[in-house]
Structure formats: structure tokens, C-alpha cells
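Undergrad: To be precise about what I am sending: the file is called my_file36.cif and holds mmCIF, N, CA and C atoms.
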```
data_structure
loop_
_atom_site.group_PDB
_atom_site.id
_atom_site.type_symbol
_atom_site.label_atom_id
_atom_site.label_comp_id
_atom_site.auth_asym_id
_atom_site.auth_seq_id
_atom_site.Cartn_x
_atom_site.Cartn_y
_atom_site.Cartn_z
ATOM 1 N N MET A 1 -11.898 -45.370 1.529
ATOM 2 C CA MET A 1 -12.550 -44.396 2.390
ATOM 3 C C MET A 1 -13.723 -45.051 3.110
ATOM 4 N N ASN A 2 -13.908 -44.721 4.365
ATOM 5 C CA ASN A 2 -15.012 -45.287 5.142
ATOM 6 C C ASN A 2 -16.339 -44.735 4.661
ATOM 7 N N ASP A 3 -17.350 -45.565 4.735
ATOM 8 C CA ASP A 3 -18.699 -45.078 4.435
ATOM 9 C C ASP A 3 -19.132 -44.122 5.531
ATOM 10 N N ILE A 4 -19.755 -43.024 5.135
ATOM 11 C CA ILE A 4 -20.258 -42.050 6.100
ATOM 12 C C ILE A 4 -21.756 -42.294 6.263
ATOM 13 N N HIS A 5 -22.167 -42.513 7.512
ATOM 14 C CA HIS A 5 -23.580 -42.773 7.794
ATOM 15 C C HIS A 5 -24.160 -41.589 8.544
ATOM 16 N N TYR A 6 -25.232 -41.076 8.032
ATOM 17 C CA TYR A 6 -25.909 -39.949 8.681
ATOM 18 C C TYR A 6 -26.807 -40.478 9.778
ATOM 19 N N GLN A 7 -26.708 -39.884 10.968
ATOM 20 C CA GLN A 7 -27.586 -40.241 12.073
ATOM 21 C C GLN A 7 -28.514 -39.073 12.337
ATOM 22 N N LYS A 8 -29.792 -39.354 12.426
ATOM 23 C CA LYS A 8 -30.760 -38.302 12.701
ATOM 24 C C LYS A 8 -30.507 -37.745 14.100
ATOM 25 N N HIS A 9 -30.439 -36.414 14.206
ATOM 26 C CA HIS A 9 -30.137 -35.772 15.476
ATOM 27 C C HIS A 9 -31.381 -35.420 16.273
ATOM 28 N N PHE A 10 -32.534 -35.409 15.632
ATOM 29 C CA PHE A 10 -33.754 -35.064 16.346
ATOM 30 C C PHE A 10 -34.936 -35.695 15.635
ATOM 31 N N ILE A 11 -36.019 -35.802 16.336
ATOM 32 C CA ILE A 11 -37.258 -36.286 15.747
ATOM 33 C C ILE A 11 -38.066 -35.052 15.354
ATOM 34 N N PRO A 12 -38.528 -34.975 14.114
ATOM 35 C CA PRO A 12 -39.297 -33.796 13.706
ATOM 36 C C PRO A 12 -40.514 -33.591 14.612
ATOM 37 N N LEU A 13 -40.760 -32.349 14.978
ATOM 38 C CA LEU A 13 -41.877 -32.006 15.843
ATOM 39 C C LEU A 13 -42.917 -31.195 15.087
ATOM 40 N N GLU A 14 -44.070 -31.096 15.654
ATOM 41 C CA GLU A 14 -45.110 -30.226 15.139
ATOM 42 C C GLU A 14 -44.568 -28.805 15.090
ATOM 43 N N SER A 15 -44.861 -28.066 14.034
ATOM 44 C CA SER A 15 -44.327 -26.703 13.931
ATOM 45 C C SER A 15 -45.405 -25.630 14.066
ATOM 46 N N ASN A 16 -46.538 -25.992 14.611
ATOM 47 C CA ASN A 16 -47.623 -25.039 14.812
ATOM 48 C C ASN A 16 -47.340 -24.216 16.066
ATOM 49 N N PRO A 17 -47.270 -22.880 15.952
ATOM 50 C CA PRO A 17 -46.946 -22.061 17.126
ATOM 51 C C PRO A 17 -47.959 -22.197 18.264
ATOM 52 N N GLU A 18 -49.219 -22.423 17.934
ATOM 53 C CA GLU A 18 -50.217 -22.608 18.996
ATOM 54 C C GLU A 18 -49.938 -23.873 19.788
ATOM 55 N N VAL A 19 -49.538 -24.935 19.102
ATOM 56 C CA VAL A 19 -49.214 -26.198 19.768
ATOM 57 C C VAL A 19 -47.993 -26.007 20.661
ATOM 58 N N PHE A 20 -46.954 -25.340 20.134
ATOM 59 C CA PHE A 20 -45.755 -25.067 20.936
ATOM 60 C C PHE A 20 -46.084 -24.225 22.162
ATOM 61 N N THR A 21 -46.925 -23.215 21.979
ATOM 62 C CA THR A 21 -47.281 -22.335 23.097
ATOM 63 C C THR A 21 -48.005 -23.115 24.189
ATOM 64 N N LYS A 22 -48.994 -23.910 23.811
ATOM 65 C CA LYS A 22 -49.736 -24.707 24.799
ATOM 66 C C LYS A 22 -48.817 -25.684 25.520
ATOM 67 N N LEU A 23 -47.953 -26.363 24.762
ATOM 68 C CA LEU A 23 -47.029 -27.319 25.366
ATOM 69 C C LEU A 23 -46.076 -26.612 26.329
ATOM 70 N N SER A 24 -45.535 -25.485 25.909
ATOM 71 C CA SER A 24 -44.588 -24.772 26.775
ATOM 72 C C SER A 24 -45.256 -24.306 28.060
ATOM 73 N N HIS A 25 -46.516 -23.870 27.978
ATOM 74 C CA HIS A 25 -47.226 -23.448 29.182
ATOM 75 C C HIS A 25 -47.456 -24.634 30.119
ATOM 76 N N LYS A 26 -47.779 -25.800 29.542
ATOM 77 C CA LYS A 26 -47.951 -26.997 30.383
ATOM 78 C C LYS A 26 -46.645 -27.403 31.056
ATOM 79 N N LEU A 27 -45.521 -27.061 30.410
ATOM 80 C CA LEU A 27 -44.208 -27.403 30.961
ATOM 81 C C LEU A 27 -43.673 -26.348 31.915
ATOM 82 N N GLY A 28 -44.472 -25.295 32.149
ATOM 83 C CA GLY A 28 -44.096 -24.314 33.146
ATOM 84 C C GLY A 28 -43.614 -22.965 32.635
ATOM 85 N N VAL A 29 -43.621 -22.745 31.333
ATOM 86 C CA VAL A 29 -43.228 -21.448 30.787
ATOM 87 C C VAL A 29 -44.323 -20.435 31.110
ATOM 88 N N ALA A 30 -43.941 -19.215 31.405
ATOM 89 C CA ALA A 30 -44.894 -18.161 31.781
ATOM 90 C C ALA A 30 -45.959 -17.968 30.699
ATOM 91 N N GLU A 31 -47.183 -17.753 31.126
ATOM 92 C CA GLU A 31 -48.306 -17.559 30.204
ATOM 93 C C GLU A 31 -48.121 -16.334 29.312
ATOM 94 N N ALA A 32 -47.301 -15.385 29.730
ATOM 95 C CA ALA A 32 -47.077 -14.161 28.943
ATOM 96 C C ALA A 32 -46.229 -14.436 27.694
ATOM 97 N N LEU A 33 -45.557 -15.588 27.642
ATOM 98 C CA LEU A 33 -44.708 -15.911 26.507
ATOM 99 C C LEU A 33 -45.437 -16.808 25.520
ATOM 100 N N SER A 34 -45.134 -16.629 24.239
ATOM 101 C CA SER A 34 -45.780 -17.451 23.220
ATOM 102 C C SER A 34 -44.869 -17.597 22.004
ATOM 103 N N PHE A 35 -45.210 -18.547 21.161
ATOM 104 C CA PHE A 35 -44.507 -18.781 19.906
ATOM 105 C C PHE A 35 -45.314 -18.159 18.773
ATOM 106 N N VAL A 36 -44.639 -17.664 17.757
ATOM 107 C CA VAL A 36 -45.297 -17.117 16.565
ATOM 108 C C VAL A 36 -44.535 -17.570 15.331
ATOM 109 N N ASP A 37 -45.224 -17.620 14.202
ATOM 110 C CA ASP A 37 -44.571 -17.891 12.920
ATOM 111 C C ASP A 37 -44.016 -16.597 12.366
ATOM 112 N N ILE A 38 -42.827 -16.665 11.831
ATOM 113 C CA ILE A 38 -42.224 -15.534 11.128
ATOM 114 C C ILE A 38 -41.846 -16.062 9.750
ATOM 115 N N TRP A 39 -42.386 -15.456 8.724
ATOM 116 C CA TRP A 39 -42.204 -15.984 7.380
ATOM 117 C C TRP A 39 -41.018 -15.376 6.641
ATOM 118 N N ALA A 40 -40.522 -14.235 7.099
ATOM 119 C CA ALA A 40 -39.368 -13.610 6.438
ATOM 120 C C ALA A 40 -38.581 -12.800 7.458
ATOM 121 N N LEU A 41 -37.283 -12.806 7.320
ATOM 122 C CA LEU A 41 -36.443 -12.042 8.231
ATOM 123 C C LEU A 41 -36.070 -10.674 7.652
ATOM 124 N N ASP A 42 -36.455 -10.432 6.414
ATOM 125 C CA ASP A 42 -36.071 -9.178 5.787
ATOM 126 C C ASP A 42 -37.045 -8.030 6.071
ATOM 127 N N GLU A 43 -38.164 -8.316 6.703
ATOM 128 C CA GLU A 43 -39.126 -7.271 7.065
ATOM 129 C C GLU A 43 -39.147 -7.142 8.588
ATOM 130 N N VAL A 44 -38.171 -6.433 9.110
ATOM 131 C CA VAL A 44 -37.945 -6.354 10.548
ATOM 132 C C VAL A 44 -39.144 -5.770 11.292
ATOM 133 N N GLU A 45 -39.886 -4.914 10.648
ATOM 134 C CA GLU A 45 -41.019 -4.285 11.330
ATOM 135 C C GLU A 45 -42.109 -5.292 11.700
ATOM 136 N N HIS A 46 -42.105 -6.464 11.083
ATOM 137 C CA HIS A 46 -43.122 -7.485 11.400
ATOM 138 C C HIS A 46 -42.676 -8.456 12.493
ATOM 139 N N LEU A 47 -41.427 -8.361 12.906
ATOM 140 C CA LEU A 47 -40.947 -9.256 13.962
ATOM 141 C C LEU A 47 -41.519 -8.825 15.305
ATOM 142 N N PRO A 48 -41.903 -9.774 16.141
ATOM 143 C CA PRO A 48 -42.399 -9.419 17.473
ATOM 144 C C PRO A 48 -41.311 -8.720 18.281
ATOM 145 N N ARG A 49 -41.696 -7.740 19.040
ATOM 146 C CA ARG A 49 -40.720 -7.029 19.880
ATOM 147 C C ARG A 49 -40.463 -7.814 21.155
ATOM 148 N N LEU A 50 -39.298 -7.643 21.682
ATOM 149 C CA LEU A 50 -38.843 -8.351 22.878
ATOM 150 C C LEU A 50 -38.822 -9.863 22.672
ATOM 151 N N ALA A 51 -38.437 -10.274 21.472
ATOM 152 C CA ALA A 51 -38.293 -11.701 21.217
ATOM 153 C C ALA A 51 -37.137 -12.232 22.063
ATOM 154 N N LEU A 52 -37.366 -13.335 22.754
ATOM 155 C CA LEU A 52 -36.337 -13.932 23.600
ATOM 156 C C LEU A 52 -35.491 -14.947 22.839
ATOM 157 N N ALA A 53 -36.037 -15.460 21.745
ATOM 158 C CA ALA A 53 -35.295 -16.457 20.966
ATOM 159 C C ALA A 53 -35.864 -16.520 19.558
ATOM 160 N N LEU A 54 -35.059 -17.036 18.667
ATOM 161 C CA LEU A 54 -35.484 -17.228 17.288
ATOM 162 C C LEU A 54 -35.003 -18.601 16.853
ATOM 163 N N GLY A 55 -35.924 -19.467 16.498
ATOM 164 C CA GLY A 55 -35.575 -20.801 16.026
ATOM 165 C C GLY A 55 -35.775 -20.870 14.530
ATOM 166 N N LEU A 56 -34.769 -21.293 13.814
ATOM 167 C CA LEU A 56 -34.859 -21.386 12.363
ATOM 168 C C LEU A 56 -35.024 -22.836 11.951
ATOM 169 N N VAL A 57 -35.952 -23.072 11.044
ATOM 170 C CA VAL A 57 -36.179 -24.401 10.501
ATOM 171 C C VAL A 57 -35.993 -24.297 8.998
ATOM 172 N N PHE A 58 -35.064 -25.084 8.474
ATOM 173 C CA PHE A 58 -34.802 -25.027 7.043
ATOM 174 C C PHE A 58 -34.293 -26.389 6.582
ATOM 175 N N PRO A 59 -34.513 -26.703 5.308
ATOM 176 C CA PRO A 59 -34.036 -27.992 4.802
ATOM 177 C C PRO A 59 -32.521 -27.964 4.630
ATOM 178 N N THR A 60 -31.913 -29.121 4.759
ATOM 179 C CA THR A 60 -30.477 -29.221 4.538
ATOM 180 C C THR A 60 -30.210 -30.104 3.323
ATOM 181 N N SER A 61 -29.049 -29.979 2.782
ATOM 182 C CA SER A 61 -28.651 -30.812 1.652
ATOM 183 C C SER A 61 -27.650 -31.853 2.133
ATOM 184 N N ASN A 62 -27.312 -32.770 1.252
ATOM 185 C CA ASN A 62 -26.309 -33.779 1.610
ATOM 186 C C ASN A 62 -24.969 -33.131 1.905
ATOM 187 N N ASN A 63 -24.644 -32.028 1.218
ATOM 188 C CA ASN A 63 -23.378 -31.337 1.475
ATOM 189 C C ASN A 63 -23.344 -30.775 2.885
ATOM 190 N N VAL A 64 -24.439 -30.198 3.348
ATOM 191 C CA VAL A 64 -24.491 -29.657 4.708
ATOM 192 C C VAL A 64 -24.315 -30.788 5.716
ATOM 193 N N ASN A 65 -24.988 -31.890 5.481
ATOM 194 C CA ASN A 65 -24.873 -33.033 6.392
ATOM 195 C C ASN A 65 -23.444 -33.575 6.413
ATOM 196 N N LEU A 66 -22.780 -33.637 5.265
ATOM 197 C CA LEU A 66 -21.399 -34.102 5.205
ATOM 198 C C LEU A 66 -20.474 -33.157 5.975
ATOM 199 N N LEU A 67 -20.673 -31.856 5.807
ATOM 200 C CA LEU A 67 -19.852 -30.889 6.533
ATOM 201 C C LEU A 67 -20.036 -31.027 8.046
ATOM 202 N N LYS A 68 -21.284 -31.291 8.492
ATOM 203 C CA LYS A 68 -21.530 -31.499 9.930
ATOM 204 C C LYS A 68 -20.761 -32.715 10.436
ATOM 205 N N ILE A 69 -20.791 -33.777 9.673
ATOM 206 C CA ILE A 69 -20.100 -35.003 10.075
ATOM 207 C C ILE A 69 -18.600 -34.754 10.164
ATOM 208 N N LEU A 70 -18.041 -34.100 9.150
ATOM 209 C CA LEU A 70 -16.611 -33.815 9.152
ATOM 210 C C LEU A 70 -16.232 -32.882 10.290
ATOM 211 N N ASP A 71 -17.073 -31.887 10.569
ATOM 212 C CA ASP A 71 -16.807 -30.965 11.668
ATOM 213 C C ASP A 71 -16.832 -31.701 13.007
ATOM 214 N N ASN A 72 -17.793 -32.595 13.185
ATOM 215 C CA ASN A 72 -17.872 -33.376 14.424
ATOM 216 C C ASN A 72 -16.632 -34.243 14.608
ATOM 217 N N ARG A 73 -16.138 -34.813 13.508
ATOM 218 C CA ARG A 73 -14.927 -35.644 13.595
ATOM 219 C C ARG A 73 -13.729 -34.795 13.995
ATOM 220 N N SER A 74 -13.608 -33.600 13.414
ATOM 221 C CA SER A 74 -12.493 -32.706 13.744
ATOM 222 C C SER A 74 -12.554 -32.293 15.203
ATOM 223 N N THR A 75 -13.749 -31.981 15.684
ATOM 224 C CA THR A 75 -13.918 -31.571 17.079
ATOM 225 C C THR A 75 -13.516 -32.694 18.013
ATOM 226 N N ARG A 76 -13.923 -33.914 17.702
ATOM 227 C CA ARG A 76 -13.556 -35.064 18.541
ATOM 228 C C ARG A 76 -12.051 -35.265 18.583
ATOM 229 N N LYS A 77 -11.381 -35.121 17.414
ATOM 230 C CA LYS A 77 -9.928 -35.286 17.385
ATOM 231 C C LYS A 77 -9.240 -34.231 18.242
ATOM 232 N N LEU A 78 -9.726 -32.979 18.164
ATOM 233 C CA LEU A 78 -9.133 -31.923 18.975
ATOM 234 C C LEU A 78 -9.320 -32.198 20.460
ATOM 235 N N MET A 79 -10.497 -32.694 20.839
ATOM 236 C CA MET A 79 -10.763 -32.985 22.254
ATOM 237 C C MET A 79 -9.880 -34.136 22.743
ATOM 238 N N GLU A 80 -9.642 -35.121 21.879
ATOM 239 C CA GLU A 80 -8.792 -36.248 22.258
ATOM 240 C C GLU A 80 -7.350 -35.815 22.467
ATOM 241 N N MET A 81 -6.942 -34.781 21.709
ATOM 242 C CA MET A 81 -5.567 -34.292 21.822
ATOM 243 C C MET A 81 -5.362 -33.505 23.115
ATOM 244 N N GLY A 82 -6.447 -33.046 23.703
ATOM 245 C CA GLY A 82 -6.373 -32.347 24.979
ATOM 246 C C GLY A 82 -6.087 -30.927 24.777
#
```
Have the structure of the file written as C-alpha cells, please.
TA:
Amino acid sequence: MNDIHYQKHFIPLESNPEVFTKLSHKLGVAEALSFVDIWALDEVEHLPRLALALGLVFPTSNNVNLLKILDNRSTRKLMEMG
């Protein structure tokens, strides 16, 4: 069996919502929009209203990484088949 090598897909970024908000405004995002921390998804009343997006950050295990690699290989094979 071939060795499976994990390749990092992104460089970790600062996760401070104030930093994200300032950066996004410098990049042209409307001043009315901002980032906030949400600590739990089970208390819906605390979620900001009119949220345009939700980004989830969570740790992964080796099993998750292996499944991603296998899924990517399957997708490539399907694309090659046309």
C-alpha cells in the first residue's frame, strides 16, 4: 500500500473576531458587517440575527484526514472517467 501523506490545506489564521472585522473592512467589506465569536450552536437565541455566514473551526483527527484524502482520490478518478 502506498504511504499516504497529509498536505496542509491552509495556514492557520488569527481567530480574533475584531482582527477579522478590521481586516475585512480594509479589504472592502461594508462597515455594517462584522465577525463575532459564537461558543455554542445549541442556544439559538444568542446567535446574531441576519448572519450571512457561519464558519466552523474544530480539530480533526487522523481518521478525518484519511477520509478526506480517500474522498479526494475518488473524486479525481470520477473526473478522469468523464
Undergrad: Counting only C-alpha atoms, which of A:Ser34, A:Asn65, A:Thr60, A:Ser74 gets nearest to Thr21 in chain A?
TA: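 The closest residue to Thr21 in chain A is A:Ser34.
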Undergrad: Between A:Val36, A:Leu27, A:Met79, A:Leu67, which residue has the minimum interatomic distance to Ala53 in chain A, considering only C-alpha atoms?
TA: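 With only C-alpha atoms as the atom set, the closest residue is A:Val36.
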Undergrad: Go through chain A and collect every residue that DSSP, computed from the backbone, puts in helix (DSSP H, G or I); the answer should be as JSON, numbers by chain.
TA: {"A": [17, 18, 19, 20, 21, 22, 23, 24, 25, 26, 44, 45, 46, 62, 63, 64, 65, 66, 67, 68, 69, 70, 71, 72, 73, 74, 75, 76, 77, 78, 79, 80, 81]}
Undergrad: What separation in Å, quoted to one decimal, exists between atom C of Arg49 in chain A and atom N of Phe35 in chain A?
TA: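 Taking atom C of Arg49 in chain A and atom N of Phe35 in chain A, their separation equals 11.7 Å.
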Undergrad: Rounded to one decimal place, report the CA of Phe58 in chain A-CA of Trp39 in chain A distance in Å.
TA: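 Distance reported for this atom pair: 11.7 Å.
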Undergrad: Put a box with edges along x, y and z around all the listed atoms of range 63-73 of chain A, pad it by 6 Å on each side, then give me its centre and sizes in Å, one decimal, as AutoDock Vina command-line options.
TA:
```
--center_x -19.4 --center_y -32.7 --center_z 7.9 --size_x 23.3 --size_y 18.0 --size_z 25.4
```
Undergrad: Which residue, A:Val29, A:Asp37, A:Val44, A:Asn72, has the smallest gap to Val57 in chain A when you use only C-alpha atoms?
TA: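 Of all the options, A:Asp37 lies closest to Val57 in chain A.
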Undergrad: Take atom C of Leu50 in chain A and atom N of Ala32 in chain A and report the distance between them in Å, one decimal.
TA: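 Separation between atom C of Leu50 in chain A and atom N of Ala32 in chain A: 12.3 Å.
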Undergrad: Taking the block just given, write range 31-43 of chain A to a file that holds all heavy atoms, as a PDB file, in the first residue's frame.
TA:
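Final output, out.pdb:
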```pdb
ATOM      1  N   GLU A  31     -18.769  48.406   6.292  1.00  0.00           N
ATOM      2  CA  GLU A  31     -18.545  48.671   7.716  1.00  0.00           C
ATOM      3  C   GLU A  31     -19.674  48.131   8.591  1.00  0.00           C
ATOM      4  O   GLU A  31     -19.485  47.890   9.778  1.00  0.00           O
ATOM      5  CB  GLU A  31     -18.382  50.181   7.951  1.00  0.00           C
ATOM      6  CG  GLU A  31     -17.159  50.788   7.299  1.00  0.00           C
ATOM      7  CD  GLU A  31     -15.858  50.458   8.036  1.00  0.00           C
ATOM      8  OE1 GLU A  31     -15.875  50.320   9.275  1.00  0.00           O
ATOM      9  OE2 GLU A  31     -14.825  50.346   7.350  1.00  0.00           O
ATOM     10  N   ALA A  32     -20.852  47.932   8.025  1.00  0.00           N
ATOM     11  CA  ALA A  32     -22.001  47.432   8.799  1.00  0.00           C
ATOM     12  C   ALA A  32     -21.845  45.947   9.152  1.00  0.00           C
ATOM     13  O   ALA A  32     -22.548  45.448  10.035  1.00  0.00           O
ATOM     14  CB  ALA A  32     -23.287  47.639   8.015  1.00  0.00           C
ATOM     15  N   LEU A  33     -20.927  45.244   8.486  1.00  0.00           N
ATOM     16  CA  LEU A  33     -20.738  43.825   8.740  1.00  0.00           C
ATOM     17  C   LEU A  33     -19.576  43.594   9.692  1.00  0.00           C
ATOM     18  O   LEU A  33     -18.596  44.327   9.677  1.00  0.00           O
ATOM     19  CB  LEU A  33     -20.490  43.093   7.425  1.00  0.00           C
ATOM     20  CG  LEU A  33     -21.592  43.209   6.380  1.00  0.00           C
ATOM     21  CD1 LEU A  33     -21.178  42.509   5.099  1.00  0.00           C
ATOM     22  CD2 LEU A  33     -22.890  42.635   6.914  1.00  0.00           C
ATOM     23  N   SER A  34     -19.698  42.560  10.518  1.00  0.00           N
ATOM     24  CA  SER A  34     -18.627  42.258  11.463  1.00  0.00           C
ATOM     25  C   SER A  34     -18.616  40.766  11.787  1.00  0.00           C
ATOM     26  O   SER A  34     -19.566  40.043  11.523  1.00  0.00           O
ATOM     27  CB  SER A  34     -18.811  43.067  12.750  1.00  0.00           C
ATOM     28  OG  SER A  34     -20.008  42.685  13.399  1.00  0.00           O
ATOM     29  N   PHE A  35     -17.526  40.333  12.382  1.00  0.00           N
ATOM     30  CA  PHE A  35     -17.368  38.957  12.838  1.00  0.00           C
ATOM     31  C   PHE A  35     -17.620  38.912  14.340  1.00  0.00           C
ATOM     32  O   PHE A  35     -17.298  39.861  15.061  1.00  0.00           O
ATOM     33  CB  PHE A  35     -15.943  38.465  12.564  1.00  0.00           C
ATOM     34  CG  PHE A  35     -15.656  38.233  11.112  1.00  0.00           C
ATOM     35  CD1 PHE A  35     -15.246  39.277  10.299  1.00  0.00           C
ATOM     36  CD2 PHE A  35     -15.789  36.975  10.554  1.00  0.00           C
ATOM     37  CE1 PHE A  35     -14.972  39.074   8.964  1.00  0.00           C
ATOM     38  CE2 PHE A  35     -15.528  36.763   9.218  1.00  0.00           C
ATOM     39  CZ  PHE A  35     -15.112  37.808   8.411  1.00  0.00           C
ATOM     40  N   VAL A  36     -18.175  37.820  14.823  1.00  0.00           N
ATOM     41  CA  VAL A  36     -18.390  37.614  16.260  1.00  0.00           C
ATOM     42  C   VAL A  36     -18.042  36.176  16.608  1.00  0.00           C
ATOM     43  O   VAL A  36     -18.097  35.290  15.761  1.00  0.00           O
ATOM     44  CB  VAL A  36     -19.848  37.913  16.691  1.00  0.00           C
ATOM     45  CG1 VAL A  36     -20.196  39.365  16.465  1.00  0.00           C
ATOM     46  CG2 VAL A  36     -20.827  37.006  15.983  1.00  0.00           C
ATOM     47  N   ASP A  37     -17.685  35.947  17.862  1.00  0.00           N
ATOM     48  CA  ASP A  37     -17.475  34.587  18.360  1.00  0.00           C
ATOM     49  C   ASP A  37     -18.808  34.003  18.775  1.00  0.00           C
ATOM     50  O   ASP A  37     -19.625  34.675  19.403  1.00  0.00           O
ATOM     51  CB  ASP A  37     -16.557  34.589  19.587  1.00  0.00           C
ATOM     52  CG  ASP A  37     -15.088  34.608  19.228  1.00  0.00           C
ATOM     53  OD1 ASP A  37     -14.734  34.106  18.147  1.00  0.00           O
ATOM     54  OD2 ASP A  37     -14.298  35.113  20.044  1.00  0.00           O
ATOM     55  N   ILE A  38     -19.018  32.759  18.438  1.00  0.00           N
ATOM     56  CA  ILE A  38     -20.193  32.017  18.894  1.00  0.00           C
ATOM     57  C   ILE A  38     -19.652  30.761  19.564  1.00  0.00           C
ATOM     58  O   ILE A  38     -18.943  29.975  18.940  1.00  0.00           O
ATOM     59  CB  ILE A  38     -21.118  31.652  17.711  1.00  0.00           C
ATOM     60  CG1 ILE A  38     -21.624  32.929  17.051  1.00  0.00           C
ATOM     61  CG2 ILE A  38     -22.265  30.780  18.189  1.00  0.00           C
ATOM     62  CD1 ILE A  38     -22.375  32.693  15.775  1.00  0.00           C
ATOM     63  N   TRP A  39     -19.973  30.584  20.820  1.00  0.00           N
ATOM     64  CA  TRP A  39     -19.381  29.496  21.583  1.00  0.00           C
ATOM     65  C   TRP A  39     -20.214  28.221  21.577  1.00  0.00           C
ATOM     66  O   TRP A  39     -19.729  27.153  21.927  1.00  0.00           O
ATOM     67  CB  TRP A  39     -19.104  29.946  23.005  1.00  0.00           C
ATOM     68  CG  TRP A  39     -18.077  31.031  23.024  1.00  0.00           C
ATOM     69  CD1 TRP A  39     -18.303  32.374  23.145  1.00  0.00           C
ATOM     70  CD2 TRP A  39     -16.667  30.888  22.864  1.00  0.00           C
ATOM     71  NE1 TRP A  39     -17.125  33.064  23.062  1.00  0.00           N
ATOM     72  CE2 TRP A  39     -16.104  32.181  22.897  1.00  0.00           C
ATOM     73  CE3 TRP A  39     -15.824  29.810  22.687  1.00  0.00           C
ATOM     74  CZ2 TRP A  39     -14.740  32.401  22.774  1.00  0.00           C
ATOM     75  CZ3 TRP A  39     -14.462  30.038  22.569  1.00  0.00           C
ATOM     76  CH2 TRP A  39     -13.938  31.322  22.615  1.00  0.00           C
ATOM     77  N   ALA A  40     -21.490  28.317  21.227  1.00  0.00           N
ATOM     78  CA  ALA A  40     -22.339  27.119  21.186  1.00  0.00           C
ATOM     79  C   ALA A  40     -23.438  27.316  20.151  1.00  0.00           C
ATOM     80  O   ALA A  40     -23.957  28.415  19.996  1.00  0.00           O
ATOM     81  CB  ALA A  40     -22.946  26.856  22.556  1.00  0.00           C
ATOM     82  N   LEU A  41     -23.779  26.258  19.466  1.00  0.00           N
ATOM     83  CA  LEU A  41     -24.838  26.338  18.469  1.00  0.00           C
ATOM     84  C   LEU A  41     -26.187  25.883  19.033  1.00  0.00           C
ATOM     85  O   LEU A  41     -27.199  25.978  18.358  1.00  0.00           O
ATOM     86  CB  LEU A  41     -24.488  25.479  17.258  1.00  0.00           C
ATOM     87  CG  LEU A  41     -23.261  25.926  16.475  1.00  0.00           C
ATOM     88  CD1 LEU A  41     -22.951  24.926  15.377  1.00  0.00           C
ATOM     89  CD2 LEU A  41     -23.478  27.302  15.898  1.00  0.00           C
ATOM     90  N   ASP A  42     -26.182  25.400  20.259  1.00  0.00           N
ATOM     91  CA  ASP A  42     -27.422  24.889  20.822  1.00  0.00           C
ATOM     92  C   ASP A  42     -28.276  25.968  21.497  1.00  0.00           C
ATOM     93  O   ASP A  42     -29.397  25.703  21.898  1.00  0.00           O
ATOM     94  CB  ASP A  42     -27.152  23.745  21.796  1.00  0.00           C
ATOM     95  CG  ASP A  42     -26.193  24.129  22.904  1.00  0.00           C
ATOM     96  OD1 ASP A  42     -25.605  25.227  22.843  1.00  0.00           O
ATOM     97  OD2 ASP A  42     -26.023  23.318  23.837  1.00  0.00           O
ATOM     98  N   GLU A  43     -27.757  27.170  21.626  1.00  0.00           N
ATOM     99  CA  GLU A  43     -28.524  28.276  22.208  1.00  0.00           C
ATOM    100  C   GLU A  43     -28.800  29.302  21.110  1.00  0.00           C
ATOM    101  O   GLU A  43     -28.137  30.326  20.999  1.00  0.00           O
ATOM    102  CB  GLU A  43     -27.765  28.897  23.367  1.00  0.00           C
ATOM    103  CG  GLU A  43     -27.518  27.912  24.503  1.00  0.00           C
ATOM    104  CD  GLU A  43     -26.683  28.507  25.622  1.00  0.00           C
ATOM    105  OE1 GLU A  43     -26.424  29.727  25.614  1.00  0.00           O
ATOM    106  OE2 GLU A  43     -26.267  27.723  26.494  1.00  0.00           O
TER     107      GLU A  43
END
```
